[in-house]
Every structure is written in C-alpha cells, then in structure tokens.
$ cat work_11.pdb   # PDB, N, CA and C atoms
ATOM      1  N   MET A   1     -62.611  22.420 170.306
ATOM      2  CA  MET A   1     -61.718  23.506 169.939
ATOM      3  C   MET A   1     -62.279  24.809 170.491
ATOM      4  N   ALA A   2     -61.410  25.652 170.990
ATOM      5  CA  ALA A   2     -61.830  26.923 171.562
ATOM      6  C   ALA A   2     -62.397  27.833 170.476
ATOM      7  N   GLU A   3     -63.363  28.633 170.878
ATOM      8  CA  GLU A   3     -63.961  29.588 169.945
ATOM      9  C   GLU A   3     -62.908  30.609 169.523
ATOM     10  N   ARG A   4     -62.870  30.910 168.254
ATOM     11  CA  ARG A   4     -61.928  31.904 167.739
ATOM     12  C   ARG A   4     -62.681  33.206 167.537
ATOM     13  N   LYS A   5     -62.082  34.281 167.965
ATOM     14  CA  LYS A   5     -62.686  35.605 167.845
ATOM     15  C   LYS A   5     -61.772  36.499 167.032
ATOM     16  N   SER A   6     -62.358  37.451 166.368
ATOM     17  CA  SER A   6     -61.562  38.392 165.587
ATOM     18  C   SER A   6     -61.650  39.779 166.230
ATOM     19  N   PHE A   7     -60.615  40.587 165.962
ATOM     20  CA  PHE A   7     -60.607  41.965 166.435
ATOM     21  C   PHE A   7     -59.683  42.775 165.536
ATOM     22  N   LEU A   8     -59.883  44.068 165.559
ATOM     23  CA  LEU A   8     -59.078  44.981 164.750
ATOM     24  C   LEU A   8     -57.779  45.281 165.484
ATOM     25  N   LEU A   9     -56.664  45.229 164.773
ATOM     26  CA  LEU A   9     -55.363  45.544 165.354
ATOM     27  C   LEU A   9     -54.733  46.674 164.551
ATOM     28  N   ARG A  10     -54.439  47.747 165.229
ATOM     29  CA  ARG A  10     -53.710  48.846 164.584
ATOM     30  C   ARG A  10     -52.242  48.644 164.935
ATOM     31  N   ILE A  11     -51.394  48.677 163.919
ATOM     32  CA  ILE A  11     -49.986  48.352 164.138
ATOM     33  C   ILE A  11     -49.118  49.215 163.229
ATOM     34  N   ASP A  12     -47.972  49.577 163.718
ATOM     35  CA  ASP A  12     -47.003  50.363 162.968
ATOM     36  C   ASP A  12     -46.617  49.611 161.689
ATOM     37  N   SER A  13     -46.511  50.312 160.585
ATOM     38  CA  SER A  13     -46.244  49.653 159.300
ATOM     39  C   SER A  13     -44.884  48.949 159.286
ATOM     40  N   GLU A  14     -43.888  49.497 159.958
ATOM     41  CA  GLU A  14     -42.575  48.854 160.008
ATOM     42  C   GLU A  14     -42.653  47.517 160.766
ATOM     43  N   VAL A  15     -43.403  47.505 161.859
ATOM     44  CA  VAL A  15     -43.584  46.276 162.636
ATOM     45  C   VAL A  15     -44.364  45.254 161.809
ATOM     46  N   LEU A  16     -45.401  45.705 161.119
ATOM     47  CA  LEU A  16     -46.197  44.811 160.288
ATOM     48  C   LEU A  16     -45.349  44.185 159.184
ATOM     49  N   ASP A  17     -44.535  44.988 158.523
ATOM     50  CA  ASP A  17     -43.678  44.466 157.463
ATOM     51  C   ASP A  17     -42.702  43.411 158.000
ATOM     52  N   ALA A  18     -42.133  43.672 159.175
ATOM     53  CA  ALA A  18     -41.200  42.718 159.777
ATOM     54  C   ALA A  18     -41.920  41.424 160.148
ATOM     55  N   LEU A  19     -43.141  41.532 160.676
ATOM     56  CA  LEU A  19     -43.925  40.347 161.021
ATOM     57  C   LEU A  19     -44.283  39.537 159.786
ATOM     58  N   LYS A  20     -44.643  40.215 158.699
ATOM     59  CA  LYS A  20     -44.971  39.521 157.452
ATOM     60  C   LYS A  20     -43.769  38.733 156.942
ATOM     61  N   LYS A  21     -42.592  39.346 156.983
ATOM     62  CA  LYS A  21     -41.377  38.660 156.523
ATOM     63  C   LYS A  21     -41.086  37.458 157.417
ATOM     64  N   TRP A  22     -41.182  37.645 158.729
ATOM     65  CA  TRP A  22     -40.920  36.569 159.677
ATOM     66  C   TRP A  22     -41.907  35.418 159.475
ATOM     67  N   ALA A  23     -43.169  35.764 159.271
ATOM     68  CA  ALA A  23     -44.190  34.739 159.033
ATOM     69  C   ALA A  23     -43.845  33.934 157.780
ATOM     70  N   GLY A  24     -43.455  34.625 156.727
ATOM     71  CA  GLY A  24     -43.066  33.937 155.498
ATOM     72  C   GLY A  24     -41.871  33.034 155.696
ATOM     73  N   ASP A  25     -40.895  33.517 156.454
ATOM     74  CA  ASP A  25     -39.697  32.715 156.737
ATOM     75  C   ASP A  25     -40.050  31.445 157.503
ATOM     76  N   ASP A  26     -41.063  31.528 158.370
ATOM     77  CA  ASP A  26     -41.494  30.386 159.185
ATOM     78  C   ASP A  26     -42.631  29.597 158.534
ATOM     79  N   LEU A  27     -42.977  29.956 157.302
ATOM     80  CA  LEU A  27     -44.059  29.294 156.556
ATOM     81  C   LEU A  27     -45.383  29.324 157.318
ATOM     82  N   ARG A  28     -45.678  30.475 157.912
ATOM     83  CA  ARG A  28     -46.942  30.676 158.614
ATOM     84  C   ARG A  28     -47.668  31.850 157.976
ATOM     85  N   SER A  29     -48.973  31.900 158.189
ATOM     86  CA  SER A  29     -49.718  33.092 157.801
ATOM     87  C   SER A  29     -49.377  34.201 158.800
ATOM     88  N   LEU A  30     -49.647  35.417 158.436
ATOM     89  CA  LEU A  30     -49.406  36.536 159.343
ATOM     90  C   LEU A  30     -50.205  36.348 160.632
ATOM     91  N   ASN A  31     -51.471  35.951 160.495
ATOM     92  CA  ASN A  31     -52.314  35.737 161.668
ATOM     93  C   ASN A  31     -51.732  34.645 162.571
ATOM     94  N   ALA A  32     -51.308  33.540 161.992
ATOM     95  CA  ALA A  32     -50.734  32.441 162.776
ATOM     96  C   ALA A  32     -49.448  32.882 163.468
ATOM     97  N   GLN A  33     -48.650  33.696 162.798
ATOM     98  CA  GLN A  33     -47.395  34.171 163.383
ATOM     99  C   GLN A  33     -47.667  35.069 164.592
ATOM    100  N   ILE A  34     -48.623  35.969 164.447
ATOM    101  CA  ILE A  34     -48.964  36.856 165.560
ATOM    102  C   ILE A  34     -49.489  36.047 166.739
ATOM    103  N   GLU A  35     -50.366  35.082 166.474
ATOM    104  CA  GLU A  35     -50.898  34.255 167.551
ATOM    105  C   GLU A  35     -49.783  33.420 168.194
ATOM    106  N   PHE A  36     -48.878  32.873 167.387
ATOM    107  CA  PHE A  36     -47.748  32.113 167.905
ATOM    108  C   PHE A  36     -46.912  32.971 168.865
ATOM    109  N   LEU A  37     -46.594  34.186 168.453
ATOM    110  CA  LEU A  37     -45.769  35.066 169.282
ATOM    111  C   LEU A  37     -46.490  35.491 170.554
ATOM    112  N   LEU A  38     -47.788  35.751 170.456
ATOM    113  CA  LEU A  38     -48.557  36.109 171.642
ATOM    114  C   LEU A  38     -48.618  34.947 172.632
ATOM    115  N   ARG A  39     -48.853  33.741 172.118
ATOM    116  CA  ARG A  39     -48.893  32.565 172.998
ATOM    117  C   ARG A  39     -47.545  32.331 173.667
ATOM    118  N   LYS A  40     -46.466  32.491 172.913
ATOM    119  CA  LYS A  40     -45.131  32.317 173.466
ATOM    120  C   LYS A  40     -44.886  33.312 174.597
ATOM    121  N   ALA A  41     -45.230  34.564 174.362
ATOM    122  CA  ALA A  41     -45.049  35.590 175.398
ATOM    123  C   ALA A  41     -45.917  35.294 176.621
ATOM    124  N   LEU A  42     -47.144  34.845 176.404
ATOM    125  CA  LEU A  42     -48.035  34.511 177.519
ATOM    126  C   LEU A  42     -47.498  33.332 178.324
ATOM    127  N   ARG A  43     -46.963  32.317 177.652
ATOM    128  CA  ARG A  43     -46.362  31.178 178.355
ATOM    129  C   ARG A  43     -45.168  31.618 179.182
ATOM    130  N   GLU A  44     -44.304  32.437 178.580
ATOM    131  CA  GLU A  44     -43.107  32.897 179.286
ATOM    132  C   GLU A  44     -43.452  33.697 180.533
ATOM    133  N   GLN A  45     -44.555  34.410 180.497
ATOM    134  CA  GLN A  45     -44.998  35.201 181.648
ATOM    135  C   GLN A  45     -45.930  34.414 182.562
ATOM    136  N   ARG A  46     -46.113  33.130 182.240
ATOM    137  CA  ARG A  46     -46.975  32.230 183.008
ATOM    138  C   ARG A  46     -48.408  32.762 183.131
ATOM    139  N   ARG A  47     -48.885  33.313 182.036
ATOM    140  CA  ARG A  47     -50.253  33.822 181.987
ATOM    141  C   ARG A  47     -51.164  32.934 181.153
ATOM    142  N   LEU A  48     -50.591  31.863 180.587
ATOM    143  CA  LEU A  48     -51.344  30.905 179.795
ATOM    144  C   LEU A  48     -50.865  29.512 180.160
ATOM    145  N   LYS A  49     -51.791  28.669 180.552
ATOM    146  CA  LYS A  49     -51.433  27.300 180.921
ATOM    147  C   LYS A  49     -51.102  26.513 179.669
ATOM    148  N   ASP A  50     -50.222  25.514 179.799
ATOM    149  CA  ASP A  50     -49.815  24.693 178.655
ATOM    150  C   ASP A  50     -51.006  24.050 177.963
ATOM    151  N   LYS A  51     -51.981  23.539 178.739
ATOM    152  CA  LYS A  51     -53.149  22.882 178.153
ATOM    153  C   LYS A  51     -53.904  23.840 177.231
ATOM    154  N   GLU A  52     -54.049  25.099 177.625
ATOM    155  CA  GLU A  52     -54.751  26.100 176.818
ATOM    156  C   GLU A  52     -53.934  26.491 175.597
ATOM    157  N   ASP A  53     -52.629  26.261 175.652
ATOM    158  CA  ASP A  53     -51.741  26.710 174.610
ATOM    159  C   ASP A  53     -51.773  25.838 173.370
ATOM    160  N   ARG A  54     -52.189  24.585 173.492
ATOM    161  CA  ARG A  54     -52.134  23.670 172.357
ATOM    162  C   ARG A  54     -53.450  23.651 171.587
ATOM    163  N   PRO A  55     -53.364  23.749 170.259
ATOM    164  CA  PRO A  55     -54.579  23.634 169.450
ATOM    165  C   PRO A  55     -55.165  22.217 169.559
ATOM    166  N   ALA A  56     -56.386  22.053 169.156
ATOM    167  CA  ALA A  56     -57.035  20.734 169.180
ATOM    168  C   ALA A  56     -56.176  19.729 168.437
ATOM    169  N   GLY A  57     -56.035  18.542 168.975
ATOM    170  CA  GLY A  57     -55.227  17.507 168.364
ATOM    171  C   GLY A  57     -53.798  17.500 168.866
ATOM    172  N   GLY A  58     -53.419  18.495 169.653
ATOM    173  CA  GLY A  58     -52.105  18.521 170.267
ATOM    174  C   GLY A  58     -50.970  18.920 169.350
ATOM    175  N   LYS A  59     -51.262  19.299 168.115
ATOM    176  CA  LYS A  59     -50.217  19.675 167.178
ATOM    177  C   LYS A  59     -49.784  21.105 167.460
ATOM    178  N   THR A  60     -48.468  21.327 167.495
ATOM    179  CA  THR A  60     -47.954  22.672 167.682
ATOM    180  C   THR A  60     -47.230  23.114 166.436
ATOM    181  N   ALA A  61     -47.231  24.413 166.193
ATOM    182  CA  ALA A  61     -46.585  24.934 164.995
ATOM    183  C   ALA A  61     -45.120  25.199 165.227
TER     184      ALA A  61
END
$ encode --input "work_11.pdb" --output "structure tokens"
Amino acid sequence: MAERKSFLLRIDSEVLDALKKWAGDDLRSLNAQIEFLLRKALREQRRLKDKEDRPAGGKTA
C-alpha cells in the first residue's frame, strides 16, 4: 500500500460545508470524499494512471 501523507488544507467554509454534505450523502468520510474527487479529476486529466488509482486489494469506493 502506498504511503499516506497528511497536509494542511485551507478551504472556504461554504465549499467545506458542501463537501461534508456530499460525503455524508455518499457514506464517505470527508477525507475519503476529497481524495475520491481529487483522484477522479486526476484520472480525467490523465495525470494519474489507473494502477495508481486503486487502493490495495483493488476495491474502489
């Protein structure tokens, strides 16, 4: 499994509130939702290979 790193994210409160609601609707944590959306955007822009996109075990959210 790839090493996970943490970092500080400053974000507009309106955007954060919308992300929290969306995460809840999708039954994900806020962190998982943000990572899901970032990975999706990276795939769409072809900046992340499919192999790198899948968590260990091949399960996708």
$ atom_distance --input "work_11.pdb" --atom1 "atom C of Arg47 in chain A" --atom2 "atom N of Arg10 in chain A"
22.0 Å
$ axis_aligned_box --input "work_11.pdb" --around "range 32-50 of chain A" --padding-each-side "8 Å" --output "JSON"
{"center_x": -47.4, "center_y": 30.5, "center_z": 172.6, "size_x": 24.7, "size_y": 28.8, "size_z": 37.1}
$ atom_distance --input "work_11.pdb" --atom1 "CA of Asp12 in chain A" --atom2 "CA of Leu48 in chain A"
26.1 Å
$ atom_distance --input "work_11.pdb" --atom1 "atom C of Ser6 in chain A" --atom2 "atom N of Asp25 in chain A"
23.8 Å
